[in-house]
Structure formats: C-alpha cells, structure tokens
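The structure appears below as structure tokens.
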Amino acid sequence: MRARSQESIVTVHRTGIGNRLLAALPPADLGLLSPYFQKVSFEPDAVLVRSGDEMDPVYFPHSGAIAFMLDMPDGQTVATTLMGREGALASFSVLGPSLSSVTAIARMAGTASLISAAKFREAYAQSAAIRNVVQLHARAVLLQLQHVAACNALHRVDGRMARWLLQLHDRVPDDLLPVTQEALAQLLGVRRTTVTLTMSKLREAGAVPSDRRGFVEIDRARLERVACDCYALMQRKIDRMYCQELSAPQPTHAPFRESAIVTSGGASGESRAVSRAGK
C-alpha cells in the first residue's frame, strides 16, 4: 500500500512551541536549539522519512499524528508506533548518522519544528536536560513498541482498531477523525475489506456513530469499552513516565526560519526539499 500520489506541500508558520519535549527544557537549554529551528506544516500522507533514508532532520511535532510504518518484503505495511506532540521523529540520530528502519508518514495534518541532525547532536552533547528528554522519549517509544507487538499477536482486529482510533483521537481536538479506511488498513496491517467489516462491528457497538469517506466519527466512551486492554495500560504507563520525569517551564518563543518542503508520496518514493534554511 502506498501513500497518496499527489504532492503534499509543507509550509512554514511562525508560532510558539507546542512540543512536549521542547516545552520541558529550561530556556538556556532550549536556546541551544532554537536558532536552528524551522517550523513546518505537513499534510496527511506526507512522507517525512522513508525506510533506508538517513535520519535527518529531526522533527519535533506540535500537532498532528505521525505513524512509523514497517515495510515488509511482500509489499504490505504495518504500524509500529504513533507519535504526536509528545515525541521527536529521528531523535535517535543523536547516536550518530544512521539510516531509518521505518517509513514515517503523517496520518493527520500538523506542524513541527525541525532541526538538522548535526545541530541536534551538538546540542545533545552540551545539555543534560536535552539528553534527559531524549532518553525519556526513547523509553516511551520502546514501551509502545512492546505493547503494540503483544497486541498484534494476541488481540482481535476490532480491539486493535479501537486502540489505534483512540491513539489518533488523543492527538486531534474533536471526535471527527480525518482518517481513511486505507490508512487504517495500513496501521493494522490488514486488507481494506477487513477494515470495512470491522468498522461495521464498531458501528453496531455505537463506538463509531458514522464513517463517511475520509472521516471517522467516534464515541470515545464506547470505543474505550471495545478497545483491548493495551490502550489503557500503555497510556497509563507513558503518562506516568512523562508526568513524573518532565518539568514544564514556559519556554521563550523560538525564531523560525523561512522554508518550504515538498514531500512526494508517489510511486517513485522520491522526496525533495525546496529552500530549506540551515541545511
């Protein structure tokens, strides 16, 4: 399965910081990063990192949802993790230049601050606070990977779909999720027909009041009852970890440079950057 073929244009905005990891940094530590930030927006299905690409730049999402997709040899894909404003895409590049083992696709539109991997490594080496948030994020990603792997092996498709819908809902402001059945099929690693049948079950349970082209309306309380136990257990552990280990000082607003990025999700898998400052 492929992301949509039309190009997704990622545009710059000048706003404050909304990423949870960045918001936890003291102003002096944030100051090691802010001169090099660019603020970009991404559309649904934009490919931010492709499997086999170098992990550069590092994205700190402020909104939206990014899925890490594992590409299998037979052409199928399955999601391993989902990331929003609580995380940082390609943050593991602090370990040194390396290639991504997954494809990161925007499942919901959003914004992010990006910084070159080289500049991020420099700041990481200088700041204990930055090292702390990266290490915390790494543990949260590992925890999610463990739960998703167990969930995929042990639980039914309807419970797993409810879990993904809840995770997406955690990252959008309302109960109408802009997600297609094709995107859900990719998240679950199942056929589109399986998604259609499963969606019918969720509608019968009242967990999905409506499912029209490109949007899924949810009833969160009923969806939580349908979801497997993995969602509540995973979120409780991650929330506790973040609340206990992240402080939240009010950061100064970072100056963002003008840039525009065009990411192609077409069959060729090519992506290109246009007028990207600081590279």
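Chain identifiers are assigned as A, B, and so on, following the order in which chains appear in the structure tokens; residues are numbered from 1 within each chain, and ligands are numbered from 1 in order of appearance.
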
Give one line per residue of segment 98-200 of chain A that approaches segment 215-227 of chain A to at most 8 Å, naming the two atoms of the closest pair and their distance in Å to one decimal, counting only C-alpha atoms; sort by chain then ascending residue number and deliver it as CSV.
residue,atom,partner,partner_atom,distance
A:Asp158,CA,A:Ala227,CA,7.3
A:Gly159,CA,A:Ala227,CA,4.3
A:Arg160,CA,A:Ala227,CA,6.5
A:Met161,CA,A:Ala227,CA,7.5
A:Ala162,CA,A:Ala227,CA,4.7
A:Arg163,CA,A:Ala227,CA,5.3
A:Leu166,CA,A:Arg220,CA,7.4
A:Asp175,CA,A:Ile218,CA,5.5
A:Leu176,CA,A:Glu217,CA,4.4
A:Leu177,CA,A:Val216,CA,5.1
A:Pro178,CA,A:Phe215,CA,4.5
A:Val179,CA,A:Phe215,CA,5.3
A:Thr180,CA,A:Phe215,CA,6.2

Write out, as JSON lines, each residue of segment 136-231 of chain A that has an atom at most 12 Å from segment 77-90 of chain A, together with the closest pair of atoms and their distance in Å to one decimal, counting only C-alpha atoms, rows going by chain and rising number.
{"residue": "A:Leu136", "atom": "CA", "partner": "A:Gly87", "partner_atom": "CA", "distance": 9.6}
{"residue": "A:His137", "atom": "CA", "partner": "A:Gly87", "partner_atom": "CA", "distance": 6.3}
{"residue": "A:Ala138", "atom": "CA", "partner": "A:Gly87", "partner_atom": "CA", "distance": 9.0}
{"residue": "A:Arg139", "atom": "CA", "partner": "A:Gly87", "partner_atom": "CA", "distance": 11.0}
{"residue": "A:Ala140", "atom": "CA", "partner": "A:Gly87", "partner_atom": "CA", "distance": 8.8}
{"residue": "A:Val141", "atom": "CA", "partner": "A:Thr81", "partner_atom": "CA", "distance": 7.3}
{"residue": "A:Leu142", "atom": "CA", "partner": "A:Thr81", "partner_atom": "CA", "distance": 9.2}
{"residue": "A:Leu143", "atom": "CA", "partner": "A:Thr81", "partner_atom": "CA", "distance": 9.8}
{"residue": "A:Gln144", "atom": "CA", "partner": "A:Thr81", "partner_atom": "CA", "distance": 6.4}
{"residue": "A:Leu145", "atom": "CA", "partner": "A:Thr80", "partner_atom": "CA", "distance": 6.1}
{"residue": "A:Gln146", "atom": "CA", "partner": "A:Thr80", "partner_atom": "CA", "distance": 9.2}
{"residue": "A:His147", "atom": "CA", "partner": "A:Thr80", "partner_atom": "CA", "distance": 9.6}
{"residue": "A:Val148", "atom": "CA", "partner": "A:Thr80", "partner_atom": "CA", "distance": 6.5}
{"residue": "A:Ala149", "atom": "CA", "partner": "A:Thr80", "partner_atom": "CA", "distance": 7.6}
{"residue": "A:Ala150", "atom": "CA", "partner": "A:Thr80", "partner_atom": "CA", "distance": 11.0}
{"residue": "A:Cys151", "atom": "CA", "partner": "A:Thr80", "partner_atom": "CA", "distance": 10.7}
{"residue": "A:Asn152", "atom": "CA", "partner": "A:Thr80", "partner_atom": "CA", "distance": 9.6}
{"residue": "A:Arg160", "atom": "CA", "partner": "A:Ala79", "partner_atom": "CA", "distance": 11.4}
{"residue": "A:Met161", "atom": "CA", "partner": "A:Ala79", "partner_atom": "CA", "distance": 11.6}
{"residue": "A:Arg163", "atom": "CA", "partner": "A:Leu82", "partner_atom": "CA", "distance": 11.1}
{"residue": "A:Trp164", "atom": "CA", "partner": "A:Leu82", "partner_atom": "CA", "distance": 8.5}
{"residue": "A:Leu165", "atom": "CA", "partner": "A:Leu82", "partner_atom": "CA", "distance": 10.9}
{"residue": "A:Leu166", "atom": "CA", "partner": "A:Leu82", "partner_atom": "CA", "distance": 11.1}
{"residue": "A:Gln167", "atom": "CA", "partner": "A:Leu82", "partner_atom": "CA", "distance": 7.5}
{"residue": "A:Leu168", "atom": "CA", "partner": "A:Leu82", "partner_atom": "CA", "distance": 8.1}
{"residue": "A:His169", "atom": "CA", "partner": "A:Gly84", "partner_atom": "CA", "distance": 10.9}
{"residue": "A:Asp170", "atom": "CA", "partner": "A:Gly84", "partner_atom": "CA", "distance": 8.9}
{"residue": "A:Arg171", "atom": "CA", "partner": "A:Gly84", "partner_atom": "CA", "distance": 6.3}
{"residue": "A:Val172", "atom": "CA", "partner": "A:Gly84", "partner_atom": "CA", "distance": 9.5}
{"residue": "A:Glu182", "atom": "CA", "partner": "A:Thr77", "partner_atom": "CA", "distance": 11.4}
{"residue": "A:Ala183", "atom": "CA", "partner": "A:Ala79", "partner_atom": "CA", "distance": 10.0}
{"residue": "A:Leu184", "atom": "CA", "partner": "A:Ala79", "partner_atom": "CA", "distance": 9.5}
{"residue": "A:Ala185", "atom": "CA", "partner": "A:Val78", "partner_atom": "CA", "distance": 8.2}
{"residue": "A:Gln186", "atom": "CA", "partner": "A:Val78", "partner_atom": "CA", "distance": 5.5}
{"residue": "A:Leu187", "atom": "CA", "partner": "A:Ala79", "partner_atom": "CA", "distance": 4.6}
{"residue": "A:Leu188", "atom": "CA", "partner": "A:Val78", "partner_atom": "CA", "distance": 5.8}
{"residue": "A:Gly189", "atom": "CA", "partner": "A:Val78", "partner_atom": "CA", "distance": 4.3}
{"residue": "A:Val190", "atom": "CA", "partner": "A:Val78", "partner_atom": "CA", "distance": 8.1}
{"residue": "A:Arg191", "atom": "CA", "partner": "A:Thr77", "partner_atom": "CA", "distance": 10.5}

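The residue that comes closest to Leu22 of chain A, out of A:Ser63, A:Ser98, A:Ser41, A:Ser113 and on the basis of only C-alpha atoms, is A:Ser113.
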
Practice task
Write down as a ChimeraX atom specification the residues belonging to segment 40-168 of chain A that are assigned strand (DSSP E) by DSSP computed on the backbone.
Solution key: /A:40-42,47-49,58-61,65-71,77-83,103-108,110-115

Problem - DSSP alpha helix (DSSP H) selection over segment 19-127 of chain A, as a VMD selection string - result: chain A and resid 20 to 23 27 to 30 117 to 126

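Taking atom CA of Ser93 of chain A and atom CA of Phe68 of chain A as endpoints, the distance between them is 15.6 Å.
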
Handout entry: Distance query Leu21 of chain A at most 10 Å, only C-alpha atoms, self and fewer than 3 positions along chain excluded, as a PyMOL selection string
Key = chain A and resi 17-18+24-25+60-62+85-88+130+132-134+136-137+242+246-248

Selection to disk with C-alpha atoms, as a compact mmCIF listing (two decimals), in the first residue's frame:
# COMPACT_ATOMS: atom_id res chain seq x y z
CA ILE A 17 6.38 25.90 20.85
CA GLY A 18 3.81 23.17 21.43
CA ALA A 24 10.11 20.77 29.28
CA LEU A 25 13.54 22.26 28.50
CA PHE A 60 9.54 17.90 16.98
CA PRO A 61 5.77 17.74 16.24
CA HIS A 62 3.49 20.39 17.75
CA ARG A 85 3.47 16.43 20.18
CA GLU A 86 4.90 14.20 22.92
CA GLY A 87 7.74 12.94 20.74
CA ALA A 88 10.55 13.65 18.29
CA ILE A 130 18.22 17.59 26.28
CA ASN A 132 17.14 13.58 29.63
CA VAL A 133 14.17 14.29 27.35
CA VAL A 134 15.65 12.18 24.54
CA LEU A 136 12.68 9.61 28.28
CA HIS A 137 11.26 9.66 24.77
CA TYR A 242 6.06 11.89 31.37
CA LEU A 246 9.24 16.08 32.68
CA SER A 247 9.07 19.52 34.19
CA ALA A 248 7.29 22.13 32.12
